[in-house]
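Engineer: Coordinates in query05.txt, compact mmCIF, C-alpha atoms, are listed below.
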```txt
# COMPACT_ATOMS: atom_id res chain seq x y z
CA MET A 1 45.61 8.12 16.83
CA ASN A 2 43.27 6.48 14.38
CA VAL A 3 43.65 2.84 13.41
CA ALA A 4 41.57 0.41 11.38
CA VAL A 5 41.59 -3.15 12.71
CA ILE A 6 40.70 -5.34 9.79
CA LYS A 7 37.87 -7.72 10.46
CA LEU A 8 38.54 -11.02 8.74
CA GLY A 9 35.73 -13.30 9.78
CA VAL A 10 36.13 -15.13 13.03
CA GLY A 11 38.91 -14.30 15.42
CA ASN A 12 39.74 -12.93 18.80
CA THR A 13 39.81 -9.37 17.48
CA ALA A 14 38.22 -8.15 20.72
CA SER A 15 41.52 -8.62 22.55
CA VAL A 16 43.27 -6.43 19.94
CA MET A 17 40.56 -3.79 20.29
CA PHE A 18 40.84 -3.86 24.10
CA ALA A 19 44.64 -3.50 23.91
CA LEU A 20 44.31 -0.43 21.65
CA GLU A 21 41.66 0.97 23.96
CA ARG A 22 44.07 0.60 26.91
CA LEU A 23 46.60 2.69 24.92
CA GLY A 24 44.00 5.39 24.29
CA ALA A 25 43.90 4.74 20.53
CA LYS A 26 40.84 5.38 18.42
CA ALA A 27 40.34 2.01 16.79
CA VAL A 28 37.59 0.80 14.50
CA LEU A 29 36.99 -2.82 13.65
CA THR A 30 35.97 -2.94 10.00
CA ASP A 31 35.99 -4.95 6.80
CA ASP A 32 35.03 -1.96 4.66
CA PRO A 33 37.79 -1.41 2.05
CA VAL A 34 36.96 2.30 1.82
CA ARG A 35 37.34 2.91 5.54
CA ILE A 36 40.53 0.88 5.65
CA ALA A 37 41.99 2.76 2.69
CA GLU A 38 41.33 6.04 4.52
CA ALA A 39 42.76 4.95 7.89
CA GLU A 40 45.94 6.51 9.29
CA ARG A 41 47.22 3.02 9.98
CA ALA A 42 45.91 -0.52 9.84
CA ILE A 43 46.30 -3.73 11.80
CA LEU A 44 45.68 -7.11 10.21
CA PRO A 45 45.09 -9.41 13.18
CA GLY A 46 45.47 -13.15 13.34
CA VAL A 47 42.47 -15.30 12.59
CA GLY A 48 41.84 -19.00 12.02
CA ALA A 49 43.43 -20.37 8.87
CA ALA A 50 45.40 -18.79 6.00
CA ALA A 51 43.19 -20.11 3.20
CA ALA A 52 40.00 -18.83 4.83
CA ALA A 53 41.61 -15.48 5.56
CA MET A 54 42.84 -15.08 1.98
CA ARG A 55 39.34 -15.80 0.67
CA LEU A 56 37.99 -13.08 2.93
CA LEU A 57 40.58 -10.67 1.55
CA ASP A 58 39.21 -11.16 -1.94
CA GLY A 59 36.35 -8.71 -1.57
CA GLY A 60 38.48 -5.70 -2.48
CA LEU A 61 40.62 -5.80 0.67
CA ARG A 62 43.55 -7.44 -1.08
CA GLU A 63 44.13 -4.45 -3.37
CA VAL A 64 43.59 -1.96 -0.54
CA LEU A 65 46.27 -3.65 1.56
CA ARG A 66 48.67 -4.09 -1.34
CA ASN A 67 48.44 -0.37 -2.04
CA PHE A 68 48.34 0.78 1.58
CA SER A 69 51.13 3.34 2.00
CA ARG A 70 50.70 4.12 5.70
CA PRO A 71 51.85 1.87 8.58
CA LEU A 72 50.42 -1.64 8.35
CA LEU A 73 50.94 -4.20 11.11
CA GLY A 74 50.22 -7.90 10.61
CA VAL A 75 49.77 -9.87 13.82
CA CYS A 76 50.31 -13.65 13.94
CA LEU A 77 48.49 -14.97 10.85
CA GLY A 78 48.36 -11.31 9.76
CA GLN A 79 52.18 -11.31 9.54
CA GLN A 80 52.10 -14.59 7.58
CA LEU A 81 49.61 -13.11 5.09
CA LEU A 82 52.16 -10.44 4.14
CA TYR A 83 54.26 -13.09 2.37
CA GLU A 84 53.95 -14.52 -1.14
CA TYR A 85 52.79 -18.01 -0.26
CA SER A 86 51.76 -20.13 2.72
CA GLN A 87 52.05 -23.89 3.06
CA GLU A 88 48.95 -23.66 5.23
CA GLY A 89 46.28 -24.60 2.72
CA GLY A 90 48.72 -23.88 -0.14
CA VAL A 91 47.50 -20.34 -0.78
CA ALA A 92 49.04 -17.18 -2.15
CA GLY A 93 49.41 -14.36 0.37
CA LEU A 94 49.45 -10.62 -0.24
CA GLY A 95 52.95 -10.89 -1.68
CA LEU A 96 54.16 -7.74 0.05
CA LEU A 97 57.18 -9.61 1.41
CA PRO A 98 59.09 -12.27 -0.55
CA GLY A 99 59.21 -15.87 0.57
CA GLU A 100 57.13 -18.68 1.88
CA VAL A 101 55.43 -19.43 5.18
CA SER A 102 56.23 -22.98 6.29
CA ALA A 103 54.94 -25.45 8.88
CA LEU A 104 56.64 -26.06 12.22
CA GLU A 105 57.51 -29.73 12.48
CA ALA A 106 55.83 -31.43 15.42
CA THR A 107 58.12 -33.70 17.38
CA SER A 108 57.62 -35.52 20.65
CA GLN A 109 59.70 -32.82 22.37
CA LEU A 110 58.01 -29.93 20.60
CA PRO A 111 54.24 -30.11 20.59
CA THR A 112 52.47 -27.94 18.05
CA PRO A 113 50.93 -25.42 18.00
CA HIS A 114 53.80 -23.50 19.55
CA MET A 115 51.74 -22.03 22.35
CA GLY A 116 53.34 -19.99 25.08
CA TRP A 117 55.85 -17.33 26.03
CA SER A 118 59.17 -17.40 24.17
CA ALA A 119 62.17 -15.11 24.40
CA LEU A 120 62.75 -12.62 21.60
CA ARG A 121 66.17 -12.09 20.05
CA ILE A 122 66.58 -8.66 18.52
CA GLU A 123 68.28 -9.06 15.13
CA ARG A 124 68.14 -5.51 13.85
CA GLU A 125 67.21 -2.17 15.38
CA ASN A 126 63.78 -1.00 14.40
CA VAL A 127 61.35 1.55 15.75
CA LEU A 128 58.68 -1.19 16.20
CA LEU A 129 60.83 -2.83 18.87
CA GLU A 130 62.15 0.30 20.56
CA GLY A 131 62.41 -0.41 24.29
CA VAL A 132 62.19 -4.17 23.74
CA ASN A 133 65.32 -6.19 24.51
CA SER A 134 66.69 -9.59 23.62
CA GLY A 135 65.47 -12.00 26.27
CA ASP A 136 62.10 -10.25 26.73
CA TYR A 137 59.23 -12.71 26.51
CA ALA A 138 56.27 -12.51 24.14
CA TYR A 139 53.24 -14.76 23.77
CA PHE A 140 53.04 -16.96 20.67
CA VAL A 141 50.30 -19.22 19.30
CA HIS A 142 51.04 -20.64 15.85
CA SER A 143 51.85 -23.72 13.79
CA PHE A 144 53.38 -21.94 10.78
CA VAL A 145 56.42 -19.66 10.59
CA CYS A 146 57.78 -16.86 8.40
CA PRO A 147 61.31 -17.09 6.94
CA VAL A 148 64.28 -15.36 8.52
CA ASP A 149 65.64 -12.84 6.01
CA ASP A 150 66.53 -9.17 5.76
CA ALA A 151 62.99 -8.12 6.75
CA THR A 152 63.47 -9.90 10.09
CA VAL A 153 63.96 -7.58 13.05
CA ALA A 154 63.54 -10.18 15.82
CA THR A 155 63.63 -13.95 15.94
CA ALA A 156 62.46 -16.60 18.38
CA ASP A 157 63.16 -20.32 18.46
CA TYR A 158 60.92 -23.33 18.33
CA GLY A 159 62.97 -26.20 16.99
CA ARG A 160 64.44 -23.63 14.62
CA ALA A 161 64.68 -19.85 14.42
CA PHE A 162 61.78 -18.01 12.82
CA SER A 163 60.79 -14.38 12.30
CA ALA A 164 59.19 -13.12 15.49
CA ALA A 165 58.93 -9.60 14.08
CA VAL A 166 59.50 -8.12 10.64
CA ALA A 167 59.74 -4.63 9.20
CA ARG A 168 60.19 -3.24 5.72
CA GLY A 169 59.20 0.29 4.77
CA ASN A 170 55.64 0.85 5.98
CA LEU A 171 55.10 -2.87 6.61
CA PHE A 172 55.43 -4.43 10.04
CA GLY A 173 54.59 -7.80 11.45
CA CYS A 174 54.78 -9.73 14.66
CA GLN A 175 54.28 -13.44 14.95
CA PHE A 176 53.57 -13.05 18.66
CA HIS A 177 50.40 -11.49 20.03
CA PRO A 178 51.28 -8.01 21.30
CA GLU A 179 47.76 -7.64 22.70
CA ARG A 180 48.45 -10.58 25.01
CA SER A 181 52.16 -10.09 25.71
CA GLY A 182 51.92 -7.92 28.81
CA ALA A 183 54.10 -4.81 29.03
CA VAL A 184 56.35 -5.94 26.14
CA GLY A 185 53.36 -6.24 23.82
CA ALA A 186 51.92 -2.91 24.93
CA ARG A 187 55.27 -1.29 24.09
CA VAL A 188 55.23 -2.77 20.57
CA LEU A 189 51.69 -1.54 19.95
CA ARG A 190 52.55 1.90 21.31
CA ASN A 191 55.61 2.03 19.03
CA PHE A 192 53.41 1.14 16.07
CA MET A 193 50.78 3.70 17.00
CA GLY A 194 53.51 6.34 17.30
CA LEU A 195 54.86 5.81 13.76
CA PRO A 196 54.43 8.82 11.49
CA CYS A 197 51.77 8.26 8.88
CA MET B 1 61.86 -22.75 23.17
CA PRO B 2 58.78 -21.63 25.02
CA SER B 3 58.96 -21.25 28.75
CA LYS B 4 56.91 -23.55 30.94
CA ARG B 5 53.57 -21.86 31.58
CA ILE B 6 51.95 -21.31 34.95
CA ILE B 7 48.21 -20.88 34.55
CA ALA B 8 45.99 -19.41 37.23
CA CYS B 9 42.45 -20.71 37.10
CA LEU B 10 39.56 -18.72 38.47
CA ASP B 11 36.64 -20.95 39.32
CA VAL B 12 33.63 -18.68 39.06
CA LYS B 13 30.17 -19.25 40.48
CA ALA B 14 27.45 -16.60 40.23
CA GLY B 15 30.00 -13.99 39.12
CA ARG B 16 32.40 -14.54 42.05
CA VAL B 17 35.62 -16.53 42.29
CA VAL B 18 35.16 -19.52 44.56
CA LYS B 19 37.43 -22.19 45.94
CA GLY B 20 36.29 -25.78 46.20
CA VAL B 21 37.67 -29.04 47.50
CA ARG B 22 37.10 -32.20 45.46
CA PHE B 23 34.34 -30.42 43.55
CA GLU B 24 32.21 -29.93 46.66
CA GLY B 25 31.78 -27.00 49.04
CA HIS B 26 32.81 -23.48 47.96
CA ALA B 27 34.21 -20.36 49.64
CA ASP B 28 34.09 -16.81 48.17
CA MET B 29 37.51 -15.59 46.95
CA GLY B 30 36.62 -12.29 45.25
CA ASP B 31 35.96 -10.52 41.97
CA PRO B 32 37.19 -12.24 38.74
CA ALA B 33 38.63 -9.08 37.10
CA GLU B 34 40.49 -8.05 40.26
CA LEU B 35 41.94 -11.51 40.86
CA ALA B 36 42.91 -11.91 37.19
CA GLN B 37 44.89 -8.67 37.35
CA ARG B 38 46.51 -9.64 40.64
CA TYR B 39 47.72 -12.91 39.14
CA ARG B 40 48.91 -11.10 36.02
CA ASP B 41 50.96 -8.80 38.25
CA GLU B 42 52.39 -11.79 40.12
CA GLY B 43 53.57 -13.29 36.82
CA ALA B 44 50.80 -15.67 35.69
CA ASP B 45 51.38 -16.68 32.07
CA GLU B 46 47.73 -17.22 31.34
CA ILE B 47 44.35 -16.94 33.04
CA VAL B 48 41.52 -19.43 32.75
CA ILE B 49 38.09 -18.44 33.87
CA TYR B 50 35.93 -21.40 34.53
CA ASP B 51 32.22 -21.02 35.18
CA ILE B 52 31.97 -24.19 37.23
CA THR B 53 28.21 -24.64 37.28
CA ALA B 54 27.33 -23.49 33.74
CA SER B 55 27.49 -26.92 32.12
CA ALA B 56 25.54 -28.66 34.87
CA GLU B 57 22.94 -25.84 34.78
CA ARG B 58 22.72 -26.12 30.97
CA ARG B 59 23.69 -22.48 30.35
CA THR B 60 26.82 -20.79 29.04
CA ILE B 61 29.10 -18.20 30.59
CA ASP B 62 28.08 -14.60 31.09
CA TYR B 63 29.58 -12.61 28.19
CA ASP B 64 29.41 -9.33 30.10
CA TRP B 65 31.75 -10.34 32.85
CA LEU B 66 33.95 -12.10 30.31
CA ALA B 67 34.36 -8.80 28.46
CA ARG B 68 34.96 -7.00 31.77
CA VAL B 69 37.91 -9.28 32.53
CA ALA B 70 39.23 -9.31 28.94
CA ARG B 71 39.19 -5.50 28.78
CA VAL B 72 41.71 -5.11 31.62
CA LEU B 73 43.86 -8.18 30.99
CA ASP B 74 46.96 -8.13 28.75
CA ILE B 75 47.89 -11.80 28.96
CA PRO B 76 46.10 -14.78 27.37
CA LEU B 77 42.61 -15.53 28.61
CA ALA B 78 40.78 -18.81 28.20
CA VAL B 79 37.19 -19.42 29.24
CA ALA B 80 35.35 -22.58 30.13
CA GLY B 81 31.87 -23.45 31.16
CA GLY B 82 28.83 -24.57 29.27
CA ILE B 83 30.12 -23.80 25.77
CA ARG B 84 28.10 -26.27 23.71
CA SER B 85 27.85 -24.71 20.27
CA CYS B 86 30.14 -23.13 17.73
CA GLU B 87 28.13 -19.90 18.02
CA GLN B 88 28.74 -19.72 21.76
CA ALA B 89 32.46 -20.36 21.26
CA ILE B 90 32.65 -17.54 18.72
CA ALA B 91 30.71 -15.24 21.03
CA CYS B 92 33.34 -15.91 23.72
CA LEU B 93 36.14 -15.01 21.29
CA GLU B 94 34.24 -11.90 20.23
CA HIS B 95 33.95 -10.86 23.88
CA GLY B 96 37.70 -11.01 24.40
CA ALA B 97 38.59 -14.65 25.13
CA ASP B 98 41.62 -16.00 23.29
CA LYS B 99 40.64 -19.62 23.70
CA VAL B 100 37.59 -21.59 24.70
CA SER B 101 37.84 -24.71 26.77
CA ILE B 102 35.18 -27.36 26.28
CA ASN B 103 34.65 -30.43 28.40
CA SER B 104 31.25 -32.05 29.06
CA PRO B 105 29.64 -30.83 25.78
CA ALA B 106 32.57 -32.26 23.80
CA LEU B 107 31.98 -35.64 25.40
CA GLU B 108 28.31 -35.35 24.47
CA ARG B 109 29.02 -34.35 20.89
CA PRO B 110 32.68 -34.69 19.84
CA GLU B 111 32.00 -32.94 16.49
CA LEU B 112 31.90 -29.70 18.48
CA ILE B 113 35.72 -29.76 18.62
CA SER B 114 36.11 -29.89 14.83
CA GLU B 115 33.34 -27.36 14.26
CA ILE B 116 35.04 -24.72 16.41
CA ALA B 117 38.50 -25.56 15.05
CA ALA B 118 37.25 -25.18 11.46
CA VAL B 119 36.04 -21.61 11.92
CA ALA B 120 38.31 -20.24 14.66
CA GLY B 121 41.41 -22.41 14.32
CA SER B 122 42.72 -25.23 16.50
CA GLN B 123 44.70 -22.79 18.64
CA CYS B 124 41.41 -21.50 20.07
CA VAL B 125 40.12 -24.91 21.11
CA VAL B 126 41.15 -26.36 24.45
CA VAL B 127 39.62 -29.65 25.47
CA GLY B 128 39.30 -30.13 29.21
CA VAL B 129 39.15 -33.68 30.51
CA ASP B 130 38.15 -34.77 34.03
CA SER B 131 39.55 -38.18 34.75
CA ARG B 132 40.21 -40.59 37.59
CA MET B 133 41.46 -44.15 37.98
CA ILE B 134 38.72 -46.73 38.45
CA GLU B 135 39.22 -50.46 38.10
CA GLY B 136 42.67 -50.12 36.60
CA ALA B 137 41.89 -47.49 33.93
CA TRP B 138 41.63 -43.71 33.76
CA ARG B 139 38.00 -42.92 33.05
CA THR B 140 36.38 -39.66 32.01
CA PHE B 141 33.64 -37.79 33.86
CA GLN B 142 31.07 -35.18 32.89
CA TYR B 143 29.28 -32.36 34.75
CA THR B 144 31.81 -32.38 37.56
CA GLY B 145 30.76 -28.89 38.73
CA ALA B 146 28.34 -30.24 41.31
CA ALA B 147 28.09 -33.44 43.32
CA ASN B 148 24.55 -34.20 42.13
CA THR B 149 25.30 -33.86 38.40
CA ILE B 150 28.66 -35.62 38.09
CA ARG B 151 28.63 -38.80 36.05
CA ARG B 152 31.08 -41.23 34.57
CA THR B 153 31.19 -41.62 30.78
CA PRO B 154 32.02 -44.78 28.83
CA ARG B 155 35.14 -43.17 27.37
CA LEU B 156 38.64 -43.97 28.59
CA MET B 157 40.83 -40.92 29.11
CA LEU B 158 43.70 -42.07 26.87
CA ASP B 159 41.36 -42.82 23.95
CA TRP B 160 39.44 -39.60 24.40
CA ILE B 161 42.46 -37.26 24.38
CA VAL B 162 43.73 -38.85 21.16
CA GLU B 163 40.29 -38.47 19.59
CA ALA B 164 40.14 -34.82 20.72
CA GLN B 165 43.56 -34.21 19.15
CA GLU B 166 42.48 -35.84 15.88
CA ARG B 167 39.34 -33.71 15.84
CA GLY B 168 41.39 -30.53 16.02
CA ALA B 169 41.95 -29.65 19.67
CA GLY B 170 44.84 -27.20 20.12
CA GLU B 171 45.66 -28.35 23.63
CA ILE B 172 44.41 -30.64 26.36
CA VAL B 173 43.85 -29.75 30.01
CA LEU B 174 43.90 -32.97 32.00
CA ASN B 175 42.25 -32.51 35.36
CA CYS B 176 43.20 -35.43 37.55
CA MET B 177 40.23 -35.71 39.89
CA ASP B 178 41.79 -37.95 42.50
CA GLN B 179 44.31 -35.19 43.24
CA ASP B 180 42.02 -32.18 42.79
CA GLY B 181 41.95 -29.88 45.80
CA VAL B 182 44.05 -32.26 47.89
CA ARG B 183 47.35 -30.44 47.33
CA GLY B 184 49.50 -33.56 47.39
CA GLY B 185 51.08 -32.93 43.98
CA TYR B 186 50.07 -33.52 40.35
CA ASP B 187 49.17 -37.01 39.11
CA ILE B 188 52.51 -37.67 37.43
CA ALA B 189 51.72 -41.19 36.22
CA GLN B 190 48.48 -40.15 34.55
CA LEU B 191 50.04 -37.06 32.98
CA GLN B 192 53.04 -39.05 31.68
CA ALA B 193 50.68 -41.53 30.03
CA ALA B 194 48.67 -38.71 28.45
CA ARG B 195 51.76 -36.84 27.29
CA GLU B 196 53.03 -39.92 25.42
CA ARG B 197 49.86 -39.98 23.33
CA LEU B 198 49.81 -36.31 22.35
CA ARG B 199 51.61 -34.09 19.88
CA ILE B 200 49.66 -31.00 21.01
CA PRO B 201 50.42 -29.22 24.30
CA LEU B 202 49.26 -30.88 27.53
CA ILE B 203 48.32 -28.87 30.62
CA ALA B 204 48.44 -30.47 34.06
CA SER B 205 45.58 -29.71 36.42
CA GLY B 206 44.65 -30.90 39.89
CA GLY B 207 46.83 -31.45 42.93
CA ALA B 208 49.21 -28.49 43.18
CA GLY B 209 50.00 -27.72 46.80
CA ALA B 210 53.60 -26.46 46.82
CA PRO B 211 56.06 -24.80 44.40
CA SER B 212 58.02 -28.06 44.13
CA HIS B 213 54.95 -29.82 42.68
CA PHE B 214 55.19 -27.62 39.57
CA ALA B 215 58.88 -28.41 39.06
CA ASP B 216 58.08 -32.12 39.52
CA VAL B 217 55.33 -32.21 36.91
CA PHE B 218 57.42 -30.32 34.33
CA LEU B 219 60.48 -32.50 34.90
CA GLN B 220 58.70 -35.84 35.17
CA ALA B 221 55.72 -35.53 32.84
CA ASP B 222 57.09 -32.89 30.41
CA VAL B 223 53.79 -31.00 30.29
CA SER B 224 53.71 -27.59 28.59
CA ALA B 225 51.85 -25.87 31.38
CA ALA B 226 50.58 -26.43 34.89
CA LEU B 227 47.32 -25.01 36.13
CA ALA B 228 46.29 -24.27 39.69
CA ALA B 229 43.50 -22.43 41.43
CA GLY B 230 43.06 -22.92 45.14
CA ILE B 231 46.64 -22.48 46.31
CA PHE B 232 46.91 -19.12 44.56
CA HIS B 233 43.57 -17.85 45.91
CA SER B 234 44.40 -18.60 49.52
CA GLY B 235 47.78 -16.89 49.23
CA ALA B 236 49.47 -20.08 50.52
CA VAL B 237 51.76 -20.03 47.48
CA SER B 238 52.44 -17.11 45.12
CA ILE B 239 53.02 -17.45 41.39
CA GLY B 240 56.45 -15.88 41.96
CA ASP B 241 57.36 -18.67 44.41
CA VAL B 242 56.29 -21.25 41.83
CA LYS B 243 58.31 -19.67 39.04
CA ARG B 244 61.44 -19.43 41.16
CA ALA B 245 61.10 -23.10 42.09
CA VAL B 246 60.65 -24.12 38.44
CA ARG B 247 63.62 -22.03 37.34
CA GLY B 248 65.64 -23.43 40.25
CA ALA B 249 64.97 -26.90 38.84
CA GLY B 250 66.71 -25.84 35.64
CA LEU B 251 63.62 -25.15 33.51
CA GLU B 252 62.87 -22.03 31.50
CA VAL B 253 60.17 -19.74 32.89
CA ARG B 254 59.22 -16.15 32.20
CA LEU B 255 60.14 -14.15 35.30
```
Turn the structure described in the file into structure tokens.

Structural biologist:
Amino acid sequence: MNVAVIKLGVGNTASVMFALERLGAKAVLTDDPVRIAEAERAILPGVGAAAAAMRLLDGGLREVLRNFSRPLLGVCLGQQLLYEYSQEGGVAGLGLLPGEVSALEATSQLPTPHMGWSALRIERENVLLEGVNSGDYAYFVHSFVCPVDDATVATADYGRAFSAAVARGNLFGCQFHPERSGAVGARVLRNFMGLPC
Amino acid sequence: MPSKRIIACLDVKAGRVVKGVRFEGHADMGDPAELAQRYRDEGADEIVIYDITASAERRTIDYDWLARVARVLDIPLAVAGGIRSCEQAIACLEHGADKVSINSPALERPELISEIAAVAGSQCVVVGVDSRMIEGAWRTFQYTGAANTIRRTPRLMLDWIVEAQERGAGEIVLNCMDQDGVRGGYDIAQLQAARERLRIPLIASGGAGAPSHFADVFLQADVSAALAAGIFHSGAVSIGDVKRAVRGAGLEVRL
């Protein structure tokens, strides 16, 4: 099991690497477009801010990811980057999924970021979420959300429903952090690592 | 909606988990990685590792044992203790921490909050605040890790948490010193006042002594999370007991 974890500047990529290590995967952390293009599968983890991440993708990574035909998993901000546009910094994403990433509205009842464990609701069967059930908890940390549409395979609620996990063809995303979501997260990563490539 | 979080805090001194009362006197409680896993198994939603003497000793946490804990843990991990530069914060994230918590150095140089938030994102930046009521106002303290280093700052708690939020903090841990280690319950009045000022998550710290204290602080102060250390270490109360009490009070928790 070989996987490239894409290094996009600053981020807690170590926790993703440790989670893959616990699954016995052979993971490399890299920003080298050539190595990523050759990987059996790739994970785009969450980092700081969308605008900064998109700038970092400009060094050849953008085209590699747009043309990547094997399984690609975006985590947190990584899922948001799959879309056409993000309100965060007003930047274009990879455009692999249609639609716009929008801000969660902070209210006195709902502090933002949405930080904590929320229940998943399975919307559509998908191999990424095999063994995961509605009502299972996953760990979220985010202030922006992806639209609910036909790519959505699971939703969660924070003031409104948003895409907790998405899947279309070889593209997968989770807004939650599977590397920090206990047994549920480990199952999602194992499902991803088991996808044919 | 997110469930209310129960956070287990490991106070670490010289690589071992210790338990203290009112910031003075410590007893050995075990190995950080082993205790972190035990709390994970009991249902902790998050682990905080706090190197209690790092700030007072003008050093930062030991990245090796941070990585040792992060490697085995599959729930969120925050670290605190002596992080006084953006580079140190990033090194913590690169060694497996999900968040860094800054306290005394942020009071020294508040720009540190915005510097870390700008490169790593607000969600990584937790601002810890030690506060107690003196002469009718909640006042902030620095270097609370040891009796001989602790000192009061000119900042009022309510002003400081708002400033921290404006500078890009992702959440605030309010450690209410009058209650710390006493186990008489969280400082509801102080936490309510803090919660009214914030639009980012607030974490209650200091005073937990029984499962009902957690339900009380969630119901009365509407905090996002409650943190405790000593009562979990001694085995007096398990995280499972706490979660059942919170759920019994009609609140959502991850069981």

Engineer: Which residues of chain B have any atom within 9 Å of an atom in chain A when counting all atoms listed in the file, and what is the closest pair of atoms for each, with the distance in Å to one decimal? Order the rows by chain and rising number and write it as JSON lines.

Structural biologist:
```
{"residue": "B:Met1", "atom": "CA", "partner": "A:Tyr158", "partner_atom": "CA", "distance": 5.0}
{"residue": "B:Pro2", "atom": "CA", "partner": "A:Ser118", "partner_atom": "CA", "distance": 4.3}
{"residue": "B:Ser3", "atom": "CA", "partner": "A:Trp117", "partner_atom": "CA", "distance": 5.7}
{"residue": "B:Lys4", "atom": "CA", "partner": "A:Gly116", "partner_atom": "CA", "distance": 7.7}
{"residue": "B:Arg5", "atom": "CA", "partner": "A:Gly116", "partner_atom": "CA", "distance": 6.8}
{"residue": "B:Arg40", "atom": "CA", "partner": "A:Gly182", "partner_atom": "CA", "distance": 8.4}
{"residue": "B:Asp45", "atom": "CA", "partner": "A:Trp117", "partner_atom": "CA", "distance": 7.5}
{"residue": "B:Glu46", "atom": "CA", "partner": "A:Gly116", "partner_atom": "CA", "distance": 8.9}
{"residue": "B:Ala67", "atom": "CA", "partner": "A:Ala14", "partner_atom": "CA", "distance": 8.7}
{"residue": "B:Ala70", "atom": "CA", "partner": "A:Ser15", "partner_atom": "CA", "distance": 6.8}
{"residue": "B:Arg71", "atom": "CA", "partner": "A:Phe18", "partner_atom": "CA", "distance": 5.2}
{"residue": "B:Val72", "atom": "CA", "partner": "A:Phe18", "partner_atom": "CA", "distance": 7.7}
{"residue": "B:Leu73", "atom": "CA", "partner": "A:Arg180", "partner_atom": "CA", "distance": 7.9}
{"residue": "B:Asp74", "atom": "CA", "partner": "A:Arg180", "partner_atom": "CA", "distance": 4.7}
{"residue": "B:Ile75", "atom": "CA", "partner": "A:Arg180", "partner_atom": "CA", "distance": 4.2}
{"residue": "B:Pro76", "atom": "CA", "partner": "A:Arg180", "partner_atom": "CA", "distance": 5.4}
{"residue": "B:Leu77", "atom": "CA", "partner": "A:Arg180", "partner_atom": "CA", "distance": 8.5}
{"residue": "B:Ile90", "atom": "CA", "partner": "A:Val10", "partner_atom": "CA", "distance": 7.1}
{"residue": "B:Cys92", "atom": "CA", "partner": "A:Asn12", "partner_atom": "CA", "distance": 8.6}
{"residue": "B:Leu93", "atom": "CA", "partner": "A:Asn12", "partner_atom": "CA", "distance": 4.8}
{"residue": "B:Glu94", "atom": "CA", "partner": "A:Ala14", "partner_atom": "CA", "distance": 5.5}
{"residue": "B:His95", "atom": "CA", "partner": "A:Ala14", "partner_atom": "CA", "distance": 6.0}
{"residue": "B:Gly96", "atom": "CA", "partner": "A:Ala14", "partner_atom": "CA", "distance": 4.7}
{"residue": "B:Ala97", "atom": "CA", "partner": "A:Asn12", "partner_atom": "CA", "distance": 6.7}
{"residue": "B:Asp98", "atom": "CA", "partner": "A:Asn12", "partner_atom": "CA", "distance": 5.8}
{"residue": "B:Lys99", "atom": "CA", "partner": "A:Asn12", "partner_atom": "CA", "distance": 8.3}
{"residue": "B:Ala117", "atom": "CA", "partner": "A:Gly48", "partner_atom": "CA", "distance": 8.0}
{"residue": "B:Ala118", "atom": "CA", "partner": "A:Gly48", "partner_atom": "CA", "distance": 7.7}
{"residue": "B:Val119", "atom": "CA", "partner": "A:Gly48", "partner_atom": "CA", "distance": 6.4}
{"residue": "B:Ala120", "atom": "CA", "partner": "A:Gly48", "partner_atom": "CA", "distance": 4.6}
{"residue": "B:Gly121", "atom": "CA", "partner": "A:Gly48", "partner_atom": "CA", "distance": 4.1}
{"residue": "B:Ser122", "atom": "CA", "partner": "A:Gly48", "partner_atom": "CA", "distance": 7.7}
{"residue": "B:Gln123", "atom": "CA", "partner": "A:Val141", "partner_atom": "CA", "distance": 6.7}
{"residue": "B:Cys124", "atom": "CA", "partner": "A:Gly48", "partner_atom": "CA", "distance": 8.4}
{"residue": "B:Gly170", "atom": "CA", "partner": "A:Pro113", "partner_atom": "CA", "distance": 6.7}
{"residue": "B:Glu171", "atom": "CA", "partner": "A:Pro113", "partner_atom": "CA", "distance": 8.2}
{"residue": "B:Arg195", "atom": "CA", "partner": "A:Ser108", "partner_atom": "CA", "distance": 9.0}
{"residue": "B:Glu196", "atom": "CA", "partner": "A:Ser108", "partner_atom": "CA", "distance": 7.9}
{"residue": "B:Leu198", "atom": "CA", "partner": "A:Pro111", "partner_atom": "CA", "distance": 7.8}
{"residue": "B:Arg199", "atom": "CA", "partner": "A:Pro111", "partner_atom": "CA", "distance": 4.8}
{"residue": "B:Ile200", "atom": "CA", "partner": "A:Pro111", "partner_atom": "CA", "distance": 4.7}
{"residue": "B:Pro201", "atom": "CA", "partner": "A:Pro111", "partner_atom": "CA", "distance": 5.4}
{"residue": "B:Leu202", "atom": "CA", "partner": "A:Pro111", "partner_atom": "CA", "distance": 8.6}
{"residue": "B:Asp222", "atom": "CA", "partner": "A:Gln109", "partner_atom": "CA", "distance": 8.5}
{"residue": "B:Ser224", "atom": "CA", "partner": "A:Gly116", "partner_atom": "CA", "distance": 8.4}
{"residue": "B:Ala225", "atom": "CA", "partner": "A:Gly116", "partner_atom": "CA", "distance": 8.7}
{"residue": "B:Val253", "atom": "CA", "partner": "A:Trp117", "partner_atom": "CA", "distance": 8.5}
{"residue": "B:Arg254", "atom": "CA", "partner": "A:Tyr137", "partner_atom": "CA", "distance": 6.6}
{"residue": "B:Leu255", "atom": "CA", "partner": "A:Tyr137", "partner_atom": "CA", "distance": 9.0}
```

Engineer: Please determine, counting only C-alpha atoms, which residue among B:Ala137, B:Val129, B:Ile102, B:Ile116 has the shortest atom-to-atom distance to Trp160 (chain B).

Structural biologist: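 Of all the options, B:Val129 lies closest to Trp160 (chain B).
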
Engineer: Need the shell around Asp187 (chain B): protein/DNA/RNA residues with any atom at most 8 Å away, counting all atoms listed in the file. Skip same-chain ones fewer than 3 positions apart. Format as a PyMOL selection string?

Structural biologist: chain B and resi 176+179+190-191+206-207
